[in-house]
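Engineer: The following file, entry33.txt, comprises compact mmCIF, C-alpha atoms and all ligand atoms:
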```txt
# COMPACT_ATOMS: atom_id res chain seq x y z
CA MET A 1 -25.33 -8.31 -10.64
CA THR A 2 -22.40 -7.35 -12.84
CA PRO A 3 -20.30 -4.25 -12.16
CA PHE A 4 -22.21 -2.68 -15.02
CA HIS A 5 -25.54 -3.25 -13.26
CA LEU A 6 -24.18 -1.70 -10.08
CA TYR A 7 -23.05 1.28 -12.15
CA MET A 8 -26.50 1.64 -13.70
CA ALA A 9 -28.17 1.32 -10.29
CA GLN A 10 -26.00 4.11 -8.96
CA ARG A 11 -26.59 6.42 -11.93
CA LEU A 12 -30.35 5.78 -11.99
CA SER A 13 -30.67 6.30 -8.23
CA ALA A 14 -28.83 9.60 -8.68
CA LEU A 15 -31.27 10.55 -11.42
CA VAL A 16 -34.19 9.77 -9.11
CA MET A 17 -32.62 11.66 -6.21
CA ALA A 18 -31.89 14.90 -8.06
CA PRO A 19 -35.47 16.27 -8.13
CA PHE A 20 -36.15 14.90 -4.64
CA VAL A 21 -33.20 16.81 -3.22
CA LEU A 22 -34.40 20.05 -4.82
CA VAL A 23 -37.97 19.65 -3.55
CA HIS A 24 -36.69 18.59 -0.12
CA LEU A 25 -34.51 21.70 0.18
CA GLY A 26 -37.29 23.93 -1.10
CA VAL A 27 -39.79 22.52 1.38
CA MET A 28 -37.36 22.92 4.27
CA ILE A 29 -36.71 26.56 3.44
CA TYR A 30 -40.43 27.18 3.04
CA ALA A 31 -41.28 25.44 6.30
CA ILE A 32 -38.72 27.44 8.27
CA GLN A 33 -39.53 30.82 6.75
CA GLY A 34 -43.24 30.36 7.24
CA GLY A 35 -42.53 29.68 10.89
CA LEU A 36 -44.18 26.27 10.88
CA THR A 37 -43.88 24.38 14.15
CA ALA A 38 -43.07 20.70 14.32
CA ALA A 39 -46.69 19.99 15.18
CA GLU A 40 -47.90 21.95 12.15
CA ILE A 41 -45.45 20.11 9.89
CA LEU A 42 -46.55 16.75 11.25
CA GLY A 43 -50.14 17.79 10.75
CA ARG A 44 -49.45 18.14 7.05
CA THR A 45 -47.31 15.07 6.56
CA GLN A 46 -49.13 12.53 8.71
CA GLY A 47 -51.58 10.55 6.71
CA SER A 48 -50.31 12.02 3.47
CA VAL A 49 -49.82 9.40 0.78
CA PHE A 50 -47.91 11.96 -1.28
CA TRP A 51 -45.25 12.63 1.37
CA PHE A 52 -45.06 8.93 2.17
CA LEU A 53 -44.30 8.09 -1.45
CA PHE A 54 -42.03 11.11 -1.88
CA TYR A 55 -39.79 10.40 1.10
CA GLY A 56 -40.21 6.64 0.77
CA MET A 57 -38.76 6.66 -2.75
CA PHE A 58 -36.15 9.17 -1.63
CA VAL A 59 -34.99 6.80 1.10
CA VAL A 60 -34.83 3.84 -1.29
CA ALA A 61 -32.76 5.86 -3.78
CA VAL A 62 -30.42 7.16 -1.05
CA SER A 63 -29.85 3.66 0.34
CA ILE A 64 -28.93 2.28 -3.09
CA HIS A 65 -26.81 5.28 -4.04
CA ALA A 66 -24.90 5.61 -0.77
CA GLY A 67 -24.50 1.84 -0.36
CA LEU A 68 -22.91 1.54 -3.80
CA GLY A 69 -20.79 4.67 -3.36
CA LEU A 70 -19.39 3.42 -0.06
CA ARG A 71 -18.85 0.01 -1.65
CA VAL A 72 -16.34 1.60 -4.03
CA VAL A 73 -14.65 3.49 -1.20
CA LEU A 74 -14.38 0.29 0.86
CA SER A 75 -12.90 -1.53 -2.12
CA GLU A 76 -10.40 1.09 -3.26
CA TRP A 77 -9.41 2.58 0.10
CA ALA A 78 -9.84 -0.30 2.52
CA GLY A 79 -8.93 -3.05 0.06
CA LEU A 80 -12.08 -5.10 0.75
CA ARG A 81 -12.96 -7.66 -1.91
CA GLY A 82 -15.52 -10.36 -2.60
CA THR A 83 -17.90 -11.47 0.13
CA ALA A 84 -16.58 -9.08 2.77
CA LEU A 85 -17.13 -6.16 0.41
CA ASN A 86 -20.63 -7.26 -0.61
CA ALA A 87 -21.65 -8.05 2.96
CA LEU A 88 -20.45 -4.77 4.45
CA SER A 89 -21.90 -2.57 1.71
CA GLY A 90 -25.12 -4.56 1.93
CA VAL A 91 -25.31 -3.91 5.68
CA ILE A 92 -24.70 -0.19 5.05
CA GLY A 93 -27.37 -0.03 2.35
CA PHE A 94 -29.99 -1.90 4.39
CA GLY A 95 -29.02 0.04 7.52
CA LEU A 96 -29.61 3.34 5.75
CA PHE A 97 -32.90 2.02 4.43
CA ALA A 98 -34.01 0.91 7.90
CA LEU A 99 -33.14 4.27 9.47
CA GLY A 100 -34.78 6.22 6.67
CA ALA A 101 -37.87 4.02 6.50
CA ARG A 102 -38.36 4.40 10.26
CA ALA A 103 -38.24 8.19 9.95
CA VAL A 104 -40.60 8.25 6.96
CA TRP A 105 -43.01 6.00 8.79
CA ALA A 106 -42.93 8.19 11.90
CA VAL A 107 -43.53 11.40 9.96
CA THR A 108 -46.16 10.22 7.50
CA ALA A 109 -47.94 7.28 9.07
CA GLY A 110 -47.59 7.95 12.81
CA GLY A 111 -50.71 9.33 14.47
CA VAL A 112 -53.01 7.85 11.85
CA MET B 1 36.89 25.02 -18.98
CA SER B 2 34.29 26.64 -16.79
CA GLU B 3 33.00 24.49 -13.99
CA ARG B 4 29.84 22.59 -14.82
CA GLU B 5 26.82 22.80 -12.64
CA ILE B 6 26.11 19.59 -10.81
CA ILE B 7 22.66 18.03 -10.56
CA SER B 8 21.87 15.92 -7.53
CA VAL B 9 19.97 12.89 -8.81
CA THR B 10 18.22 10.51 -6.42
CA VAL B 11 17.59 7.14 -8.06
CA GLN B 12 15.47 4.32 -6.70
CA ARG B 13 17.48 1.10 -6.83
CA GLY B 14 16.62 -2.53 -6.25
CA GLY B 15 13.78 -4.84 -7.14
CA PRO B 16 11.98 -7.95 -5.95
CA ASP B 17 15.23 -9.76 -5.10
CA THR B 18 17.15 -6.86 -3.55
CA PRO B 19 15.86 -4.39 -0.99
CA GLN B 20 14.79 -1.09 -2.48
CA ARG B 21 16.91 1.89 -1.55
CA LEU B 22 17.60 5.40 -2.73
CA GLN B 23 21.01 6.28 -4.16
CA VAL B 24 22.21 9.79 -4.88
CA PHE B 25 24.41 10.57 -7.88
CA GLU B 26 26.12 13.84 -8.79
CA VAL B 27 25.62 14.36 -12.51
CA PRO B 28 27.16 17.18 -14.54
CA ALA B 29 24.63 19.43 -16.26
CA PHE B 30 24.71 19.73 -20.06
CA GLU B 31 22.79 21.91 -22.43
CA SER B 32 19.44 20.53 -23.64
CA GLN B 33 19.92 17.54 -21.35
CA THR B 34 16.97 15.18 -20.99
CA VAL B 35 16.15 13.06 -17.96
CA LEU B 36 17.04 10.00 -20.04
CA ASP B 37 20.45 11.59 -20.72
CA VAL B 38 20.92 11.91 -16.97
CA VAL B 39 20.07 8.26 -16.38
CA SER B 40 22.34 7.18 -19.25
CA TRP B 41 25.17 9.32 -17.88
CA ILE B 42 24.89 7.56 -14.52
CA GLN B 43 24.89 4.14 -16.16
CA GLN B 44 27.85 4.97 -18.40
CA ASN B 45 29.97 6.95 -15.94
CA ALA B 46 29.00 6.14 -12.38
CA ASP B 47 27.33 2.74 -12.04
CA PRO B 48 27.11 0.31 -14.98
CA THR B 49 24.74 -1.92 -12.99
CA LEU B 50 21.94 0.65 -13.16
CA THR B 51 19.00 -0.93 -15.01
CA TYR B 52 16.60 1.13 -17.10
CA ARG B 53 14.82 0.88 -20.43
CA PHE B 54 14.73 2.98 -23.57
CA ALA B 55 14.88 2.51 -27.32
CA CYS B 56 13.98 5.31 -29.71
CA ARG B 57 14.96 8.43 -27.70
CA VAL B 58 12.49 10.47 -29.76
CA GLY B 59 9.14 9.79 -28.09
CA MET B 60 8.00 7.02 -30.42
CA CYS B 61 8.51 3.71 -28.65
CA GLY B 62 7.04 4.36 -25.21
CA SER B 63 9.69 2.40 -23.33
CA CYS B 64 11.47 5.10 -21.32
CA ALA B 65 8.73 6.27 -18.97
CA MET B 66 9.68 6.75 -15.31
CA MET B 67 8.54 8.70 -12.29
CA VAL B 68 10.37 12.03 -12.27
CA ASN B 69 9.90 14.00 -9.06
CA GLY B 70 6.85 11.85 -8.41
CA VAL B 71 5.27 12.47 -11.81
CA PRO B 72 5.15 9.91 -14.65
CA ARG B 73 6.99 11.24 -17.70
CA TRP B 74 8.59 10.12 -20.96
CA THR B 75 12.18 10.70 -19.95
CA CYS B 76 13.61 10.98 -23.47
CA ARG B 77 11.44 14.00 -24.19
CA THR B 78 11.60 15.61 -20.75
CA HIS B 79 14.19 18.33 -20.42
CA VAL B 80 16.03 18.48 -17.13
CA ASN B 81 15.45 22.27 -17.00
CA LYS B 82 11.73 21.67 -16.94
CA VAL B 83 11.76 19.36 -13.91
CA LEU B 84 14.79 20.49 -11.91
CA ASN B 85 13.66 21.20 -8.36
CA GLY B 86 16.29 23.23 -6.48
CA GLY B 87 19.12 21.55 -8.40
CA LYS B 88 17.68 18.10 -7.64
CA ILE B 89 15.76 15.37 -9.45
CA GLU B 90 14.23 12.19 -8.08
CA ILE B 91 13.85 9.30 -10.50
CA ALA B 92 11.92 6.09 -9.78
CA PRO B 93 10.31 3.30 -11.78
CA LEU B 94 6.75 3.80 -13.05
CA ARG B 95 4.06 3.67 -10.39
CA ASN B 96 1.31 0.99 -10.39
CA LEU B 97 3.55 -1.65 -11.98
CA PRO B 98 5.84 -4.27 -10.45
CA VAL B 99 9.53 -3.38 -10.51
CA ILE B 100 11.92 -5.67 -12.39
CA LYS B 101 15.03 -3.88 -11.21
CA ASP B 102 15.97 -0.27 -10.51
CA LEU B 103 14.13 1.92 -13.05
CA ALA B 104 12.73 -0.87 -15.22
CA ALA B 105 9.06 -1.55 -14.47
CA ASP B 106 7.37 -4.77 -15.52
CA MET B 107 4.92 -3.79 -18.25
CA ASP B 108 3.19 -7.20 -18.40
CA PRO B 109 0.06 -6.25 -16.40
CA PHE B 110 -0.33 -3.17 -18.60
CA PHE B 111 -0.23 -5.16 -21.84
CA ASP B 112 -2.26 -8.07 -20.46
CA LYS B 113 -5.05 -5.60 -19.82
CA TRP B 114 -4.98 -4.43 -23.44
CA VAL B 115 -5.86 -7.99 -24.38
CA ALA B 116 -8.43 -8.27 -21.59
CA ALA B 117 -10.14 -5.11 -22.88
CA GLU B 118 -10.40 -6.73 -26.35
CA GLY B 119 -7.87 -4.22 -27.60
CA ARG B 120 -7.26 -6.31 -30.68
CA HIS B 121 -8.64 -6.18 -34.16
CA HIS B 122 -11.71 -8.21 -35.11
CA PRO B 123 -11.62 -8.11 -38.91
CA THR B 124 -14.66 -7.51 -41.12
CA ARG B 125 -12.99 -8.97 -44.20
CA SER B 126 -10.39 -11.54 -45.12
CA ARG B 127 -7.17 -11.04 -47.07
CA ASP B 128 -9.01 -12.14 -50.22
CA ASP B 129 -11.47 -9.25 -50.12
CA ASP B 130 -10.89 -5.75 -51.36
CA ILE B 131 -9.76 -3.16 -48.86
CA ALA B 132 -12.73 -1.23 -47.48
CA ALA B 133 -12.71 2.47 -48.32
CA ILE B 134 -12.80 4.64 -45.23
CA ASN B 135 -13.78 8.28 -45.23
CA PRO B 136 -11.39 10.03 -42.84
CA GLU B 137 -13.96 12.74 -42.09
CA GLN B 138 -16.70 10.40 -40.99
CA PRO B 139 -17.50 11.21 -37.29
CA GLU B 140 -16.75 7.68 -35.95
CA ARG B 141 -13.48 7.67 -37.84
CA VAL B 142 -12.52 11.04 -36.34
CA VAL B 143 -13.14 9.60 -32.86
CA ALA B 144 -11.13 6.46 -33.67
CA SER B 145 -8.28 8.49 -35.14
CA SER B 146 -7.99 10.61 -32.01
CA GLY B 147 -6.76 7.59 -30.04
CA ILE B 148 -4.39 5.89 -32.45
CA GLU B 149 -1.24 7.81 -31.59
CA CYS B 150 -0.89 5.95 -28.28
CA ILE B 151 2.72 4.80 -27.81
CA ASN B 152 1.91 2.31 -25.00
CA CYS B 153 4.13 4.16 -22.56
CA SER B 154 1.91 3.39 -19.53
CA ILE B 155 2.21 6.94 -18.22
CA CYS B 156 -1.57 7.26 -17.96
CA TYR B 157 -1.71 3.87 -16.22
CA SER B 158 0.84 5.11 -13.69
CA ALA B 159 -0.99 8.37 -13.18
CA CYS B 160 -4.35 6.71 -12.53
CA ASP B 161 -5.41 6.51 -8.87
CA THR B 162 -8.13 4.01 -9.73
CA VAL B 163 -5.45 1.58 -10.94
CA ALA B 164 -3.65 2.19 -7.64
CA GLY B 165 -6.79 1.35 -5.66
CA ASP B 166 -8.09 -1.51 -7.80
CA PRO B 167 -5.57 -3.96 -9.28
CA ASP B 168 -8.28 -5.33 -11.59
CA TYR B 169 -8.97 -2.00 -13.25
CA LEU B 170 -8.10 -2.21 -16.95
CA GLY B 171 -6.75 1.32 -16.98
CA PRO B 172 -6.94 4.26 -19.36
CA ALA B 173 -4.76 3.07 -22.25
CA ALA B 174 -6.44 -0.33 -22.67
CA LEU B 175 -9.90 1.22 -22.46
CA GLN B 176 -8.97 3.93 -24.91
CA ARG B 177 -7.80 1.21 -27.28
CA ALA B 178 -11.16 -0.55 -26.88
CA TRP B 179 -12.99 2.70 -27.66
CA THR B 180 -10.81 3.26 -30.74
CA LEU B 181 -11.69 -0.18 -32.10
CA TYR B 182 -15.33 0.26 -31.17
CA ASN B 183 -15.43 3.29 -33.48
CA ASP B 184 -13.45 1.61 -36.23
CA ALA B 185 -15.61 0.68 -39.23
CA LYS B 186 -13.19 -2.18 -39.90
CA ASP B 187 -13.87 -3.83 -36.55
CA ALA B 188 -16.54 -6.51 -36.69
CA ASP B 189 -17.18 -7.29 -33.03
CA LYS B 190 -18.43 -4.25 -31.15
CA ASP B 191 -20.48 -6.32 -28.72
CA THR B 192 -17.47 -8.32 -27.61
CA ILE B 193 -15.65 -5.06 -26.95
CA LEU B 194 -18.51 -3.68 -24.86
CA ASP B 195 -18.71 -6.96 -22.94
CA ALA B 196 -14.99 -6.88 -22.25
CA VAL B 197 -15.12 -3.36 -20.82
CA SER B 198 -18.27 -3.98 -18.75
CA GLY B 199 -16.91 -6.60 -16.38
CA LYS B 200 -14.88 -6.42 -13.20
CA GLY B 201 -12.39 -3.56 -13.45
CA GLY B 202 -14.04 -2.28 -16.63
CA CYS B 203 -14.74 1.25 -17.80
CA HIS B 204 -17.42 1.76 -15.13
CA SER B 205 -14.74 1.80 -12.43
CA CYS B 206 -13.25 5.03 -13.83
CA HIS B 207 -13.80 8.04 -11.56
CA SER B 208 -13.37 10.54 -14.42
CA MET B 209 -10.71 12.53 -12.57
CA GLY B 210 -8.66 12.77 -15.72
CA SER B 211 -5.09 12.20 -14.52
CA CYS B 212 -4.67 10.05 -17.63
CA THR B 213 -5.53 12.91 -19.96
CA ALA B 214 -3.52 15.40 -17.90
CA TYR B 215 -0.31 13.32 -18.04
CA CYS B 216 -0.45 11.64 -21.47
CA PRO B 217 2.69 12.95 -23.17
CA ASN B 218 1.07 12.61 -26.59
CA GLY B 219 -1.88 14.78 -25.69
CA LEU B 220 -4.37 11.93 -25.99
CA ASP B 221 -7.61 11.91 -24.04
CA PRO B 222 -8.37 8.51 -22.45
CA LEU B 223 -10.80 10.22 -20.06
CA SER B 224 -13.16 11.08 -22.94
CA ALA B 225 -12.65 7.66 -24.54
CA ILE B 226 -13.77 5.99 -21.31
CA ALA B 227 -16.74 8.35 -21.08
CA GLY B 228 -17.60 7.18 -24.61
CA LEU B 229 -17.50 3.53 -23.52
CA LYS B 230 -19.77 4.33 -20.57
CA ARG B 231 -22.23 5.99 -22.95
CA ALA B 232 -22.10 3.12 -25.43
CA THR B 233 -22.70 0.47 -22.75
CA THR B 234 -25.57 2.49 -21.28
CA GLN B 235 -27.15 2.96 -24.69
CA ARG B 236 -26.87 -0.74 -25.38
CA PHE B 237 -28.54 -1.47 -22.02
CA PHE B 238 -31.60 0.65 -22.84
CA LYS B 239 -31.81 -0.52 -26.46
CA GLY B 240 -31.65 -4.11 -25.30
CA ARG B 241 -34.52 -3.48 -22.90
CA ALA B 242 -36.63 -1.80 -25.55
CA LYS B 243 -36.60 -4.91 -27.74
S1 LIG A 301 -10.12 9.47 -15.67
FE1 LIG A 301 -10.41 7.30 -15.23
S2 LIG A 301 -8.77 6.25 -16.32
FE2 LIG A 301 -8.23 8.45 -16.26
S3 LIG A 301 -6.90 8.63 -14.47
FE3 LIG A 301 -9.00 9.04 -13.78
S4 LIG A 301 -9.84 7.05 -13.09
FE4 LIG A 301 -7.96 6.66 -14.28
S1 LIG A 302 -2.70 7.05 -23.76
FE1 LIG A 302 -0.93 8.43 -23.68
S2 LIG A 302 -0.05 8.07 -21.64
FE2 LIG A 302 -1.40 6.35 -22.06
S3 LIG A 302 -0.09 4.75 -22.90
FE3 LIG A 302 -0.96 5.90 -24.64
S4 LIG A 302 0.54 7.50 -25.09
FE4 LIG A 302 1.04 6.71 -23.06
S1 LIG A 303 12.91 6.17 -25.62
FE1 LIG A 303 11.26 5.81 -26.97
S2 LIG A 303 9.71 7.09 -26.15
FE2 LIG A 303 11.43 7.59 -24.91
```
Let's see the structure in the file written out as structure tokens.
Ligand code: SF4
Ligand code: SF4
Ligand code: FES

Structural biologist:
Amino acid sequence: MTPFHLYMAQRLSALVMAPFVLVHLGVMIYAIQGGLTAAEILGRTQGSVFWFLFYGMFVVAVSIHAGLGLRVVLSEWAGLRGTALNALSGVIGFGLFALGARAVWAVTAGGV
Amino acid sequence: MSEREIISVTVQRGGPDTPQRLQVFEVPAFESQTVLDVVSWIQQNADPTLTYRFACRVGMCGSCAMMVNGVPRWTCRTHVNKVLNGGKIEIAPLRNLPVIKDLAADMDPFFDKWVAAEGRHHPTRSRDDDIAAINPEQPERVVASSGIECINCSICYSACDTVAGDPDYLGPAALQRAWTLYNDAKDADKDTILDAVSGKGGCHSCHSMGSCTAYCPNGLDPLSAIAGLKRATTQRFFKGRAK
């Protein structure tokens, strides 16, 4: 992984995230205005391959994007370099992925 | 003779061998006085041990840059009137570079990075060949020409917060030089240039905040040059994959 590859990973994950963010916001507004309850929302998401893939890819993109973004902050603001920098940003990226994956699993697979 | 106004000038003194301290000088105001005139007045009339650097005094050589009231400026072309802050001026050596002594910053890291960014010519022809004709209106040539008036003053390098946060970052001037050569029809090694700016501290570290472009005294635009390098490296990445 060269710095250029990290750069590309961050730009491409941003590209992937952009439509996801818009759909996510739209769905949230729709769900609230329609007065959907949590149970009704879960009824639509659980067992749905579409929502699993949608939020699954969203979580992957967020983990990459935020992990790399915080990596730069840790390097430039906290002065971390080398292994410490890679290890800590790796932990952040995988941590975000674990949290997000758990939520996606609960909302789309739980109850099946 | 009417009494001259007095400017209170705070100068950063010292270097690696002596502790850094601030010293205040009272300098008489003159008409059309530049910040470099102020520094020279101090050295000639108040303290001959004051160290600073200049050569051309007309904005050509790039050697007189200093921090003036916290802002990097070419002191020979900066009028005191423009920067006077309540009758006071603060002068310090350029930011983001080691200090040699007093107001003289060590420019070595700045120039070393020009070399590291492949900011040198890779010829397409030898001295035995004819000179290649270049059309000055050709789009690549227009882009290359927009960067060639750089005077190596390091003001952009001092203004850049990414340099401050990342000592490996090549900085705006070196990257702009690389972009100029990349667009030069007489440069034979574009791939080497893109490789040089794609590594650690390369063009992809730039946050595009544009302090370089905002402070360049010659009105150059390293921000856009670096954006060009990012585009060129990205294009090469996708073209390489398509093969
Ligand atoms: S645009 Fe890039 S090179 Fe220019 S000051 Fe900002 S980070 Fe530095
Ligand atoms: S780009 Fe402008 S500020 Fe930077 S070194 Fe060249 S002339 Fe100076
Ligand atoms: S002395 Fe040459 S640019 Fe100021």

Engineer: Dump the neighbourhood of ligand LIG 303 (chain A) as a PyMOL selection string: all residues within 7 Å, distances computed on only C-alpha atoms and all ligand atoms.

Structural biologist: chain B and resi 54-65+74-77

Engineer: Within 7 Å of ligand LIG 301 (chain A) (counting only C-alpha atoms and all ligand atoms), which residues show up? I'd like them as a PDB file with C-alpha atoms, in the frame of the given file.

Structural biologist:
```pdb
ATOM      1  CA  CYS B 156      -1.570   7.260 -17.960  1.00  0.00           C
ATOM      2  CA  ALA B 159      -0.990   8.370 -13.180  1.00  0.00           C
ATOM      3  CA  CYS B 160      -4.350   6.710 -12.530  1.00  0.00           C
ATOM      4  CA  ASP B 161      -5.410   6.510  -8.870  1.00  0.00           C
ATOM      5  CA  THR B 162      -8.130   4.010  -9.730  1.00  0.00           C
ATOM      6  CA  VAL B 163      -5.450   1.580 -10.940  1.00  0.00           C
ATOM      7  CA  GLY B 171      -6.750   1.320 -16.980  1.00  0.00           C
ATOM      8  CA  PRO B 172      -6.940   4.260 -19.360  1.00  0.00           C
ATOM      9  CA  CYS B 206     -13.250   5.030 -13.830  1.00  0.00           C
ATOM     10  CA  HIS B 207     -13.800   8.040 -11.560  1.00  0.00           C
ATOM     11  CA  SER B 208     -13.370  10.540 -14.420  1.00  0.00           C
ATOM     12  CA  MET B 209     -10.710  12.530 -12.570  1.00  0.00           C
ATOM     13  CA  GLY B 210      -8.660  12.770 -15.720  1.00  0.00           C
ATOM     14  CA  SER B 211      -5.090  12.200 -14.520  1.00  0.00           C
ATOM     15  CA  CYS B 212      -4.670  10.050 -17.630  1.00  0.00           C
ATOM     16  CA  THR B 213      -5.530  12.910 -19.960  1.00  0.00           C
ATOM     17  CA  PRO B 222      -8.370   8.510 -22.450  1.00  0.00           C
ATOM     18  CA  LEU B 223     -10.800  10.220 -20.060  1.00  0.00           C
TER      19      LEU B 223
END
```

Engineer: Between atom CA of Gly90 of chain A and atom CA of Arg71 of chain A, what is the distance in Å, rounded to a tenth?

Structural biologist: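 These atoms are spaced 8.5 Å apart.
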
Engineer: Identify every residue of chain B that has at least one atom within 9 Å of any atom of chain A, counting all atoms listed in the file, and report the result as a list in words.

Structural biologist: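 That gives the following set of residues: Thr162, Ala164, Gly165, Asp166, Ser198, Gly199, Lys200, Gly201, Gly202, Cys203, His204, Ser205, Thr233 and Thr234 of chain B.
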
Engineer: Taking only C-alpha atoms and all ligand atoms into account, report as a compact mmCIF listing (two decimals) with C-alpha atoms, in the frame of the given file which residues have an atom no farther than 7 Å from an atom of ligand LIG 302 (chain A).

Structural biologist:
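Just written: out.txt:
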```txt
# COMPACT_ATOMS: atom_id res chain seq x y z
CA GLY B 62 7.04 4.36 -25.21
CA GLU B 149 -1.24 7.81 -31.59
CA CYS B 150 -0.89 5.95 -28.28
CA ILE B 151 2.72 4.80 -27.81
CA ASN B 152 1.91 2.31 -25.00
CA CYS B 153 4.13 4.16 -22.56
CA SER B 154 1.91 3.39 -19.53
CA ILE B 155 2.21 6.94 -18.22
CA CYS B 156 -1.57 7.26 -17.96
CA TYR B 157 -1.71 3.87 -16.22
CA PRO B 172 -6.94 4.26 -19.36
CA ALA B 173 -4.76 3.07 -22.25
CA CYS B 212 -4.67 10.05 -17.63
CA TYR B 215 -0.31 13.32 -18.04
CA CYS B 216 -0.45 11.64 -21.47
CA PRO B 217 2.69 12.95 -23.17
CA ASN B 218 1.07 12.61 -26.59
CA GLY B 219 -1.88 14.78 -25.69
CA LEU B 220 -4.37 11.93 -25.99
CA ASP B 221 -7.61 11.91 -24.04
CA PRO B 222 -8.37 8.51 -22.45
```

Engineer: As an exercise, work out the distance from atom CA of Leu15 of chain A to atom CA of Gly67 of chain A in Å and give it to one decimal place.

Structural biologist: 15.6 Å

Engineer: Quote the spacing between atom CA of Gln46 of chain A and atom CA of Ala106 of chain A in Å to one decimal place.

Structural biologist: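 These atoms are spaced 8.2 Å apart.
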
Engineer: With only C-alpha atoms as the basis for distance, which of A:Val59, A:Val49, A:Leu85, A:Leu68 is at the shortest distance from Phe97 of chain A?

Structural biologist: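 Checking each of A:Val59, A:Val49, A:Leu85, A:Leu68 against Phe97 of chain A, counting only C-alpha atoms, the winner is A:Val59.
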
Engineer: Write out as a list of chain:residue names each polymer residue whose atoms come within 8 Å of segment 52-55 of chain A, counting only C-alpha atoms; drop sequence neighbours fewer than 5 positions from it.

Structural biologist: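 Final neighbour list, sorted by chain and number: A:Phe20, A:Thr45, A:Val104, A:Trp105, A:Thr108, A:Ala109.
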
Engineer: Which is closest to Leu170 of chain B among B:Asn96, B:Thr34, B:Thr78, B:Thr51, if we use all atoms listed in the file?

Structural biologist: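 Between B:Asn96, B:Thr34, B:Thr78, B:Thr51, the residue approaching Leu170 of chain B most closely is B:Asn96.
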